[in-house]
>>> print(open('structure_38.tsv').read())   # TSV, C-alpha atoms
chain	number	residue	atom	x	y	z
U	218	MET	CA	-6.75	9.79	-3.40
U	219	ILE	CA	-5.30	11.11	-0.12
U	220	GLY	CA	-4.00	7.75	1.10
U	221	PRO	CA	-2.19	6.84	-2.13
U	222	ALA	CA	-0.79	10.37	-2.45
U	223	LEU	CA	0.54	10.24	1.13
U	224	ALA	CA	2.07	6.84	0.45
U	225	ALA	CA	3.64	8.10	-2.79
U	226	SER	CA	5.05	11.10	-0.93
U	227	ALA	CA	6.46	8.91	1.84
U	228	GLY	CA	8.07	6.74	-0.84
U	229	ALA	CA	9.62	9.78	-2.51
U	230	PHE	CA	10.96	10.95	0.86
U	231	LEU	CA	12.45	7.51	1.55
U	232	LEU	CA	14.13	7.48	-1.87
U	233	ALA	CA	15.70	10.90	-1.32
U	234	VAL	CA	16.59	10.62	2.38
U	235	THR	CA	19.68	8.52	1.63
U	236	VAL	CA	21.20	11.13	-0.68
U	237	GLY	CA	24.26	12.93	0.65
U	238	PRO	CA	25.70	12.75	4.16
U	239	ALA	CA	22.98	10.39	5.41
U	240	LEU	CA	24.29	7.72	3.06
U	241	THR	CA	27.81	8.16	4.41
U	242	ALA	CA	26.46	8.04	7.98
U	243	ILE	CA	24.70	4.73	7.23
U	244	GLN	CA	27.87	3.31	5.70
U	245	ARG	CA	30.00	4.33	8.69
U	246	ALA	CA	27.52	3.29	11.38
U	247	LEU	CA	27.11	-0.21	9.94
U	248	GLY	CA	30.75	-0.61	8.94
U	249	LEU	CA	29.92	-1.11	5.26
U	250	PRO	CA	32.38	-0.83	2.36
U	251	ALA	CA	32.23	2.22	0.08
U	252	SER	CA	30.51	0.16	-2.63
U	253	ALA	CA	27.54	-0.28	-0.29
U	254	LYS	CA	26.45	3.31	-0.97
U	255	LEU	CA	25.44	2.40	-4.49
U	256	TRP	CA	23.62	-0.75	-3.36
U	257	ILE	CA	21.65	1.12	-0.68
U	258	PHE	CA	20.27	3.37	-3.41
U	259	VAL	CA	19.81	0.66	-6.07
U	260	ALA	CA	18.13	-1.68	-3.57
U	261	PHE	CA	15.34	0.91	-3.34
U	262	LEU	CA	15.21	2.18	-6.92
U	263	LEU	CA	15.14	-1.09	-8.89
U	264	PRO	CA	12.15	-2.61	-7.04
U	265	ALA	CA	10.41	0.80	-7.14
U	266	VAL	CA	10.61	0.97	-10.93
U	267	LEU	CA	9.37	-2.58	-11.38
U	268	ALA	CA	6.59	-2.15	-8.83
U	269	GLY	CA	5.52	1.14	-10.39
U	270	LEU	CA	4.48	-0.70	-13.51
U	271	ALA	CA	2.71	-3.38	-11.49
U	272	GLY	CA	0.97	-0.75	-9.37
U	273	ALA	CA	-0.32	1.02	-12.47
U	274	LEU	CA	-1.58	-2.17	-14.09
U	275	ILE	CA	-3.12	-3.86	-11.05
U	276	GLY	CA	-4.14	-0.58	-9.43
U	277	ARG	CA	-6.60	0.14	-12.22
U	278	ARG	CA	-8.75	-2.73	-11.05
U	279	TRP	CA	-8.03	-2.85	-7.29
U	280	PRO	CA	-6.62	0.54	-6.20
U	281	VAL	CA	-7.46	0.17	-2.51
U	282	ALA	CA	-6.04	-3.34	-2.18
U	283	VAL	CA	-2.84	-2.41	-4.01
U	284	THR	CA	-2.44	0.78	-1.97
U	285	LEU	CA	-2.95	-1.05	1.32
U	286	SER	CA	-0.34	-3.62	0.28
U	287	ALA	CA	2.02	-0.83	-0.79
U	288	ILE	CA	1.69	0.97	2.52
U	289	ALA	CA	2.14	-2.24	4.51
U	290	LEU	CA	5.40	-2.83	2.61
U	291	LEU	CA	6.43	0.78	3.23
U	292	VAL	CA	5.86	0.50	6.98
U	293	LEU	CA	7.58	-2.87	7.34
U	294	GLY	CA	10.48	-1.90	5.08
U	295	THR	CA	10.96	1.45	6.77
U	296	LEU	CA	11.05	-0.15	10.22
U	297	LEU	CA	13.45	-2.84	9.00
U	298	THR	CA	15.70	-0.15	7.53
U	299	ALA	CA	15.60	1.95	10.69
U	300	LEU	CA	16.41	-1.03	12.92
U	301	ALA	CA	18.90	-2.74	10.58
U	302	PRO	CA	21.94	-4.11	12.43
U	303	GLY	CA	23.85	-4.82	9.21
U	304	SER	CA	23.87	-4.76	5.43
U	305	GLY	CA	21.48	-7.68	4.84
U	306	PRO	CA	18.50	-6.31	6.77
U	307	LEU	CA	19.28	-2.81	5.52
U	308	LEU	CA	19.16	-3.84	1.87
U	309	LEU	CA	16.06	-5.98	2.42
U	310	GLY	CA	14.35	-3.03	4.14
U	311	ARG	CA	15.31	-0.71	1.29
U	312	ALA	CA	14.00	-3.22	-1.28
U	313	MET	CA	10.70	-3.56	0.60
U	314	THR	CA	10.25	0.20	0.84
U	315	GLY	CA	11.19	0.56	-2.82
U	316	PHE	CA	8.62	-2.03	-3.87
U	317	GLY	CA	5.95	-0.40	-1.68
U	318	ALA	CA	6.80	3.07	-2.99
U	319	GLY	CA	6.64	1.87	-6.59
U	320	LEU	CA	3.22	0.31	-6.06
U	321	ALA	CA	2.01	3.56	-4.46
U	322	TRP	CA	3.43	5.65	-7.31
U	323	GLY	CA	1.71	3.44	-9.91
U	324	VAL	CA	-1.68	3.51	-8.19
U	325	THR	CA	-1.46	7.25	-7.60
U	326	ALA	CA	-0.70	7.88	-11.27
U	327	VAL	CA	-3.67	5.75	-12.32
U	328	LEU	CA	-6.01	7.49	-9.88
U	329	VAL	CA	-4.89	10.92	-11.06
U	330	ALA	CA	-5.42	9.86	-14.68
U	331	GLN	CA	-8.97	8.71	-13.83
U	332	MET	CA	-9.95	12.02	-12.22
U	333	GLY	CA	-11.49	13.45	-15.40
U	334	ALA	CA	-11.94	17.22	-15.26
U	335	ARG	CA	-10.60	17.36	-11.69
U	336	ARG	CA	-7.24	16.10	-12.97
U	337	VAL	CA	-6.37	19.71	-13.89
U	338	TRP	CA	-5.94	20.68	-10.23
U	339	VAL	CA	-5.30	17.23	-8.67
U	340	ALA	CA	-2.23	16.39	-10.80
U	341	PRO	CA	-0.25	19.52	-9.86
U	342	LEU	CA	-1.27	19.13	-6.21
U	343	VAL	CA	-0.11	15.50	-6.02
U	344	GLY	CA	3.00	16.28	-8.06
U	345	GLY	CA	3.81	19.19	-5.76
U	346	VAL	CA	3.47	17.07	-2.62
U	347	VAL	CA	5.66	14.31	-4.06
U	348	GLY	CA	8.17	16.91	-5.29
U	349	LEU	CA	8.25	18.50	-1.86
U	350	ALA	CA	8.95	15.10	-0.30
U	351	LEU	CA	11.81	14.58	-2.78
U	352	CYS	CA	13.26	17.95	-1.76
U	353	LEU	CA	12.77	17.44	1.99
U	354	GLY	CA	14.32	13.95	1.99
U	355	PRO	CA	17.96	14.99	1.50
U	356	VAL	CA	17.57	17.97	3.82
U	357	ALA	CA	16.03	15.89	6.62
U	358	GLY	CA	18.53	13.10	6.06
U	359	THR	CA	21.48	15.49	6.24
U	360	LEU	CA	20.28	17.46	9.26
U	361	LEU	CA	19.22	14.43	11.28
U	362	ALA	CA	22.28	12.36	10.37
U	363	ARG	CA	24.55	15.17	11.53
U	364	SER	CA	22.64	16.17	14.66
U	365	ALA	CA	21.08	12.92	15.86
U	366	ASN	CA	21.19	9.61	14.03
U	367	TRP	CA	20.77	8.36	10.47
U	368	ARG	CA	17.88	6.15	11.64
U	369	LEU	CA	15.69	9.03	12.80
U	370	PRO	CA	14.31	10.13	9.39
U	371	PHE	CA	13.11	6.57	8.81
U	372	VAL	CA	11.42	6.41	12.20
U	373	LEU	CA	9.78	9.82	11.67
U	374	VAL	CA	8.15	8.80	8.37
U	375	VAL	CA	6.39	5.77	9.90
U	376	PRO	CA	3.54	7.86	11.43
U	377	VAL	CA	2.88	9.41	8.00
U	378	GLU	CA	2.71	5.91	6.53
U	379	VAL	CA	0.31	4.78	9.26
U	380	VAL	CA	-1.95	7.79	8.57
U	381	ALA	CA	-1.88	6.88	4.86
U	382	LEU	CA	-2.82	3.31	5.78
U	383	LEU	CA	-5.76	4.44	7.92
U	384	VAL	CA	-7.03	6.94	5.34
U	385	THR	CA	-6.84	4.32	2.59
U	386	ALA	CA	-8.61	1.70	4.71
U	387	VAL	CA	-11.43	4.10	5.65
U	388	SER	CA	-11.89	5.29	2.08
U	389	GLY	CA	-11.94	1.68	0.90
U	390	ILE	CA	-14.66	0.86	3.42
U	391	VAL	CA	-16.68	3.89	2.28
U	392	VAL	CA	-16.39	2.76	-1.36
U	393	LEU	CA	-17.53	-0.77	-0.45
U	394	ILE	CA	-20.52	0.56	1.50
U	395	ARG	CA	-21.53	2.83	-1.39
U	396	ARG	CA	-21.34	-0.06	-3.84
U	397	ALA	CA	-23.35	-2.36	-1.57
U	398	SER	CA	-26.19	0.06	-0.88
U	399	PRO	CA	-28.93	0.23	-3.50
U	400	PRO	CA	-29.25	3.45	-5.46
U	401	ALA	CA	-31.76	5.93	-4.16
U	402	GLN	CA	-35.12	5.66	-5.85
U	403	PRO	CA	-37.10	8.77	-6.66
U	404	PRO	CA	-40.37	9.08	-4.72
U	405	PRO	CA	-43.43	7.70	-6.50
U	406	ALA	CA	-45.42	10.18	-8.50
U	407	PRO	CA	-48.64	11.28	-6.76
U	408	ALA	CA	-51.71	9.51	-8.02
U	409	ALA	CA	-54.04	11.78	-9.90
>>> encode(input="structure_38.tsv", output="structure tokens")
Amino acid sequence: MIGPALAASAGAFLLAVTVGPALTAIQRALGLPASAKLWIFVAFLLPAVLAGLAGALIGRRWPVAVTLSAIALLVLGTLLTALAPGSGPLLLGRAMTGFGAGLAWGVTAVLVAQMGARRVWVAPLVGGVVGLALCLGPVAGTLLARSANWRLPFVLVVPVEVVALLVTAVSGIVVLIRRASPPAQPPPAPAA
């Protein structure tokens, strides 16, 4: 649950980081027209919505595989966005991160729904972390765009995505090992 929740939070941060002055800084730095602001946001949001549904449907059966794919897309898309020399790579990077974020959101929602009685405390915890990321995104984007560079928030989220990737991979390996090992047998009853 930790890996998908981290990925979902990173996705929420990446959605929100382009709100406000950071979006204007991106437009100016790359010499984009004013209409590009809308496309930078839509290029993330549209794939995220579509992938959210796919993540929920496919994530029921293969949550680890879908989460690993989502995080890989997040890392690649985030790096492409951060290093984008122009509008094409920027929009492609935003679409990749949007698709990865949507997959992560869908899988996370499915995993929370499958938690049973633990859902009572897991759902608010995951929702709080994702909500915090949504709130921190515009703040970080604004502060870093004004003081350093618009690319910095994207670069700074990559280590979080890598941690999410590692946590998901390790938990997936643990699940596979548990499934492969035979169940423990009770000791034989003593002979009377």
>>> residues_around(input="structure_38.tsv", residues="region 223-227 of chain U", least_positions_apart="2", cutoff="8 Å", atoms="only C-alpha atoms", output="short mmCIF file (atom, residue, chain, number, x, y, z; two decimals) with C-alpha atoms, in the coordinates of the input")
data_model
loop_
_atom_site.label_atom_id
_atom_site.label_comp_id
_atom_site.auth_asym_id
_atom_site.auth_seq_id
_atom_site.Cartn_x
_atom_site.Cartn_y
_atom_site.Cartn_z
CA ILE U 219 -5.30 11.11 -0.12
CA GLY U 220 -4.00 7.75 1.10
CA PRO U 221 -2.19 6.84 -2.13
CA ALA U 229 9.62 9.78 -2.51
CA PHE U 230 10.96 10.95 0.86
CA LEU U 231 12.45 7.51 1.55
CA THR U 284 -2.44 0.78 -1.97
CA ALA U 287 2.02 -0.83 -0.79
CA ILE U 288 1.69 0.97 2.52
CA LEU U 291 6.43 0.78 3.23
CA ALA U 318 6.80 3.07 -2.99
CA GLY U 319 6.64 1.87 -6.59
CA ALA U 321 2.01 3.56 -4.46
CA TRP U 322 3.43 5.65 -7.31
CA THR U 325 -1.46 7.25 -7.60
CA VAL U 346 3.47 17.07 -2.62
CA VAL U 347 5.66 14.31 -4.06
CA GLY U 348 8.17 16.91 -5.29
CA ALA U 350 8.95 15.10 -0.30
CA LEU U 351 11.81 14.58 -2.78
CA VAL U 374 8.15 8.80 8.37
CA VAL U 377 2.88 9.41 8.00
CA GLU U 378 2.71 5.91 6.53
CA ALA U 381 -1.88 6.88 4.86
#
>>> closest_residue(input="structure_38.tsv", among="U:Gly344, U:Phe261, U:Ile243, U:Pro376", to="Gly310 (chain U)", atoms="only C-alpha atoms")
U:Phe261
>>> closest_residue(input="structure_38.tsv", among="U:Ser286, U:Leu270, U:Arg363, U:Arg396", to="Gly317 (chain U)", atoms="all atoms listed in the file")
U:Ser286
>>> closest_residue(input="structure_38.tsv", among="U:Ala239, U:Ala222, U:Ala330, U:Leu308", to="Leu262 (chain U)", atoms="all atoms listed in the file")
U:Leu308
>>> residues_around(input="structure_38.tsv", residues="region 385-389 of chain U", least_positions_apart="2", cutoff="7 Å", atoms="only C-alpha atoms", output="ChimeraX atom specification")
/U:220,281,285,381-383,391-393
>>> atom_distance(input="structure_38.tsv", atom1="CA of Gly323 (chain U)", atom2="CA of Ser304 (chain U)")
28.2 Å
